[in-house]
Each structure stands twice: as structure tokens, then as C-alpha cells.
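Shown next, in C-alpha cells, is the structure this report addresses.
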Amino acid sequence: MFKDSKIVICGVGNVGATTAYTIVNQGLCEQLVLIDINKDKAYAEALDMSHAIHFMNRNMKVWSGDYSDCKDADVVILTASAPMPKDSHDRLEMLKPSLTIIGSIVKSVMASGFNGIFVVISNPVDIMTYYTWRISGLPKNQVIGSGTNLDSARLCYELGKMYNLDSKSVHAYVMGEHGDSEVISWGTATIGGKKVENVLLDNASRTKDTTKEKLRKETVEAGWDIFNRKGNTSYGIAASVTAICKSILFNENAIYPVSVDIQGQYGIHDVFISVPTIIDKNGAREIVEIKLREDELQALQKSAALMKEFYPELEKTL
């Protein structure tokens, strides 16, 4: 029997609305439901997008709903979080006020009978993904954080720009925390099959004073550069999450660096951080354990340890 695919987005601010429109623009599912504490905002966004569908390639049903709509959803996307403290450059400062918000939403979603896949965007995303898993009680493969998927795209963009290339010709993974401790796997990074490190060396005139550490720093700070100038980042994360949802709904088995539970891979246990992961209709199908250099592995383990430090405080709220 044919089953309509259904996505629910909880939180229809800049990120949630942009994600919704990206999903509509790509005709990703049959049904899209928007939920927000501001019911008028959710209603207006849904109606506006419904009008836009007239010009799209695929008919879809978009409406503003409530948590009961999550019961038969394939994917629930969590975008809601507390506002970023003014002049802050630390996603972890959002942690305490965001816990209450996410906790309430996840409990409401689960009360509907939801048994699909959570895709978490809310920052700090690695900690919020763990928290979502703990509250939901779902199997770990059904809880995925957007993690460093966008950071990886930002790195590929910068490398592509340096050499006037399509960023999709660059293959590089940013791993670990979506934040200051994130790690780049330079040993596996390639451009057209050639190691990025060799490209940097062989193209000194175009590479100029760019170093691997400078590229890592630019990747970490790219989101803040956008945030400081327009108050949010929306298009990149919307496209990133839509790609993750597409791999789930279409059973693509695509590999993305997303925040998932690590169980022994890379010498790391019981923590949600980003590593390359195969994503299929069941969620996080399998972690791809790539060969990291010793310094990269140690940095990844350090990043995981940093995230795990927050878990005892989270447990107190459960």
C-alpha cells in the first residue's frame, strides 16, 4: 500500500521556515507540517508556501499543525532553541535555556506515538541530539544531529573557491563537535582524487598564504561571520538538513558527517558527535570509520570528551 511521506518541522523561525521552503522547492515529500508556539506565524508560513507550490515541480500539502500530526511522520526536524546571547560566539551558552524548550517539544512529539527519525538542528547540536535521544527513548539510529555536515560543505566551498572549482569536486570531512573543537580529516581530503595537501603544495601561486589551520579556522568561524552580519544562518543549514532527509526518505544510503552515537569507533564510546555515517530509511545505518592521522584522532577524541563533560548535568534534568 502506498504511504505518503511526511515531515514535521518543530520551530518555524528563520531556520525552520527556510528548511521548510527548501523541502517544498525540492518536492521532497507529500506532506509537510509546521509547528510553532507562534501559531499565526506557522499558519502564515504554511499558507505562503502552499501558494508557491503552484509554480513547483511537484504538488505537496503544507499546513500548520500540532504535535498530534507527528504520530505518522517519517521525520521530525527540531529547529527550536533559545535565542543566542548577544555578542556571544559560543553555542554552548545556549545550552541551559534550550534544554527546557527541546525537552518539552520531544516529550510532546513522543506523546503522539511518533516512531520515526528525529533530525536535530537546535544548537548546541551535538548535546541537543544526545538529549533528544535520552528523552525520546528511541533507538539511537533514529536520532541524528545535523552536526558538521554544513561545516564540511563550507570547507569544500573555500577550497573550491581557491582553485575556481565546483565545491562538489572537493571531498573533505569536518568531524567532531559542531563548534570550536571540530577536526578536519586532512589525510582523506581530496580534490579530483588528489590529496588536498598536495594540491596546496603544488599550487603555491594560488594557495598563497593559506594553511590548513587557517582553513580550519575559517570553517569554524564561517557561521559566525554570517550570524554577525544578518542575525542568523539559514540557507546553508536548510540545504544540509534537506539533504539528510532526502537520504532517509529516498533510502539513498548517502554518507554525511552527522552527529550520531559513537560506540567504540575511533576509540570513542557513548557520545554523540559528527563522523561520516551512512544514512538510509532507518536513520543512521552505519558509521564509516575512516583512517585518521594520529593527531587528528587525538583531536577527535578530545572533542568527544568535551561534549561528554556536559552529560552529567543533562542527566539531572531527566
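Residue names in the C-alpha cells use chain letters A, B, ... in the order shown, residue numbers from 1 in each chain, and ligand numbers from 1 in the order shown.
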Could you name the residues that touch Thr277 (chain A) at 9 Å or less, counting only C-alpha atoms, but leaving out those on the same chain fewer than 4 positions away, as a PDB file with C-alpha atoms, in the first residue's frame?
ATOM      1  CA  ALA A 254      24.362   8.645   1.292  1.00  0.00           C
ATOM      2  CA  ILE A 255      27.337   9.305   3.557  1.00  0.00           C
ATOM      3  CA  TYR A 256      27.274  12.548   5.549  1.00  0.00           C
ATOM      4  CA  PRO A 257      29.236  13.699   8.612  1.00  0.00           C
ATOM      5  CA  VAL A 258      26.380  13.915  11.111  1.00  0.00           C
ATOM      6  CA  SER A 259      26.069  13.734  14.871  1.00  0.00           C
ATOM      7  CA  VAL A 260      25.355  10.153  15.899  1.00  0.00           C
ATOM      8  CA  ALA A 284      21.915   6.222  10.919  1.00  0.00           C
ATOM      9  CA  ARG A 285      22.643   2.873   9.299  1.00  0.00           C
ATOM     10  CA  GLU A 286      26.383   2.588   9.836  1.00  0.00           C
ATOM     11  CA  ILE A 287      29.336   4.701  10.926  1.00  0.00           C
ATOM     12  CA  VAL A 288      32.134   4.847   8.363  1.00  0.00           C
ATOM     13  CA  GLU A 289      35.419   4.616  10.260  1.00  0.00           C
TER      14      GLU A 289
END
Residue contacts of Leu95 (chain A) (9 Å, only C-alpha atoms) excluding same-chain residues fewer than 6 positions away, as a VMD selection string: chain A and resid 81 to 82 123 to 124 127 to 128
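When only C-alpha atoms are used to measure the gap to Tyr266 (chain A), the shortest distance among A:Val8, A:Leu165, A:Ala73, A:Leu300 belongs to A:Leu300.
Those residues in region 96-243 of chain A carrying a DSSP assignment of strand (DSSP E), computed from the backbone, are Ile117, Phe118, Val119, Val120, Val143, Ile144, Gly145, Val170, His171, Val174, Met175, Val183, Ile184, Thr190, Ile191, Lys194 and Lys195 of chain A.
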Point-to-point distance in Å for CA of Val76 (chain A) and CA of Phe118 (chain A): 5.0 Å
Counting only C-alpha atoms, the residue of A:Gly103, A:Pro312, A:Gly231, A:Gly264 that sits nearest Ser122 (chain A): A:Gly103
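The gap separating CA of Cys70 (chain A) from CA of Phe114 (chain A) is 5.7 Å, in Å to one decimal.
Pairwise distance (CA of Ala304 (chain A), CA of Glu177 (chain A)) equals 7.1 Å.
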Close residues, Glu197 (chain A) itself excluded, 9 Å, only C-alpha atoms, min 5 positions apart in chain, as number ranges by chain: A: 186-187, 189-190, 202, 212
9 Å contact set for Asn282 (chain A), only C-alpha atoms, chain neighbours under 5 positions out, as a PyMOL selection string: chain A and resi 116-117+141-142+248+251
Save out the residues we just selected, N, CA and C atoms, as a compact mmCIF listing (two decimals), in the first residue's frame.
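Okay, result-v7.txt is ready:
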# COMPACT_ATOMS: atom_id res chain seq x y z
N GLY A 116 9.34 7.68 14.19
CA GLY A 116 10.16 7.94 13.02
C GLY A 116 11.57 8.35 13.40
N ILE A 117 12.13 9.27 12.65
CA ILE A 117 13.52 9.68 12.84
C ILE A 117 13.56 11.16 13.20
N ASN A 141 19.80 4.86 16.37
CA ASN A 141 19.88 5.10 14.93
C ASN A 141 18.78 6.04 14.43
N GLN A 142 17.75 6.26 15.27
CA GLN A 142 16.62 7.11 14.87
C GLN A 142 16.75 8.55 15.36
N ILE A 248 17.13 9.83 3.90
CA ILE A 248 16.22 9.00 4.70
C ILE A 248 15.00 8.59 3.88
N ASN A 251 15.86 6.53 0.83
CA ASN A 251 16.73 5.38 1.14
C ASN A 251 18.00 5.41 0.30
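Residue nearest Ala299 (chain A), chosen from A:Thr211, A:Thr317, A:Ser185, A:Thr219 and counting only C-alpha atoms: A:Ser185.
Here the question is which of A:Val143, A:Ile105, A:Leu215, A:Val220 gets nearest to Glu158 (chain A) using only C-alpha atoms, and that residue is A:Leu215.
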DSSP helix (DSSP H, G or I) selection over region 185-292 of chain A, as a PyMOL selection string: chain A and resi 186-188+196-202+204-207+212-230+235-249+265-267
10 Å contact set for Gly27 (chain A), only C-alpha atoms, chain neighbours under 2 positions out, as a ChimeraX atom specification: /A:21-25,29-31,53,56-60
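With distances restricted to only C-alpha atoms, A:Thr148 is the closest residue to Gly223 (chain A) from A:Thr148, A:Ser98, A:Thr129, A:Asn38.
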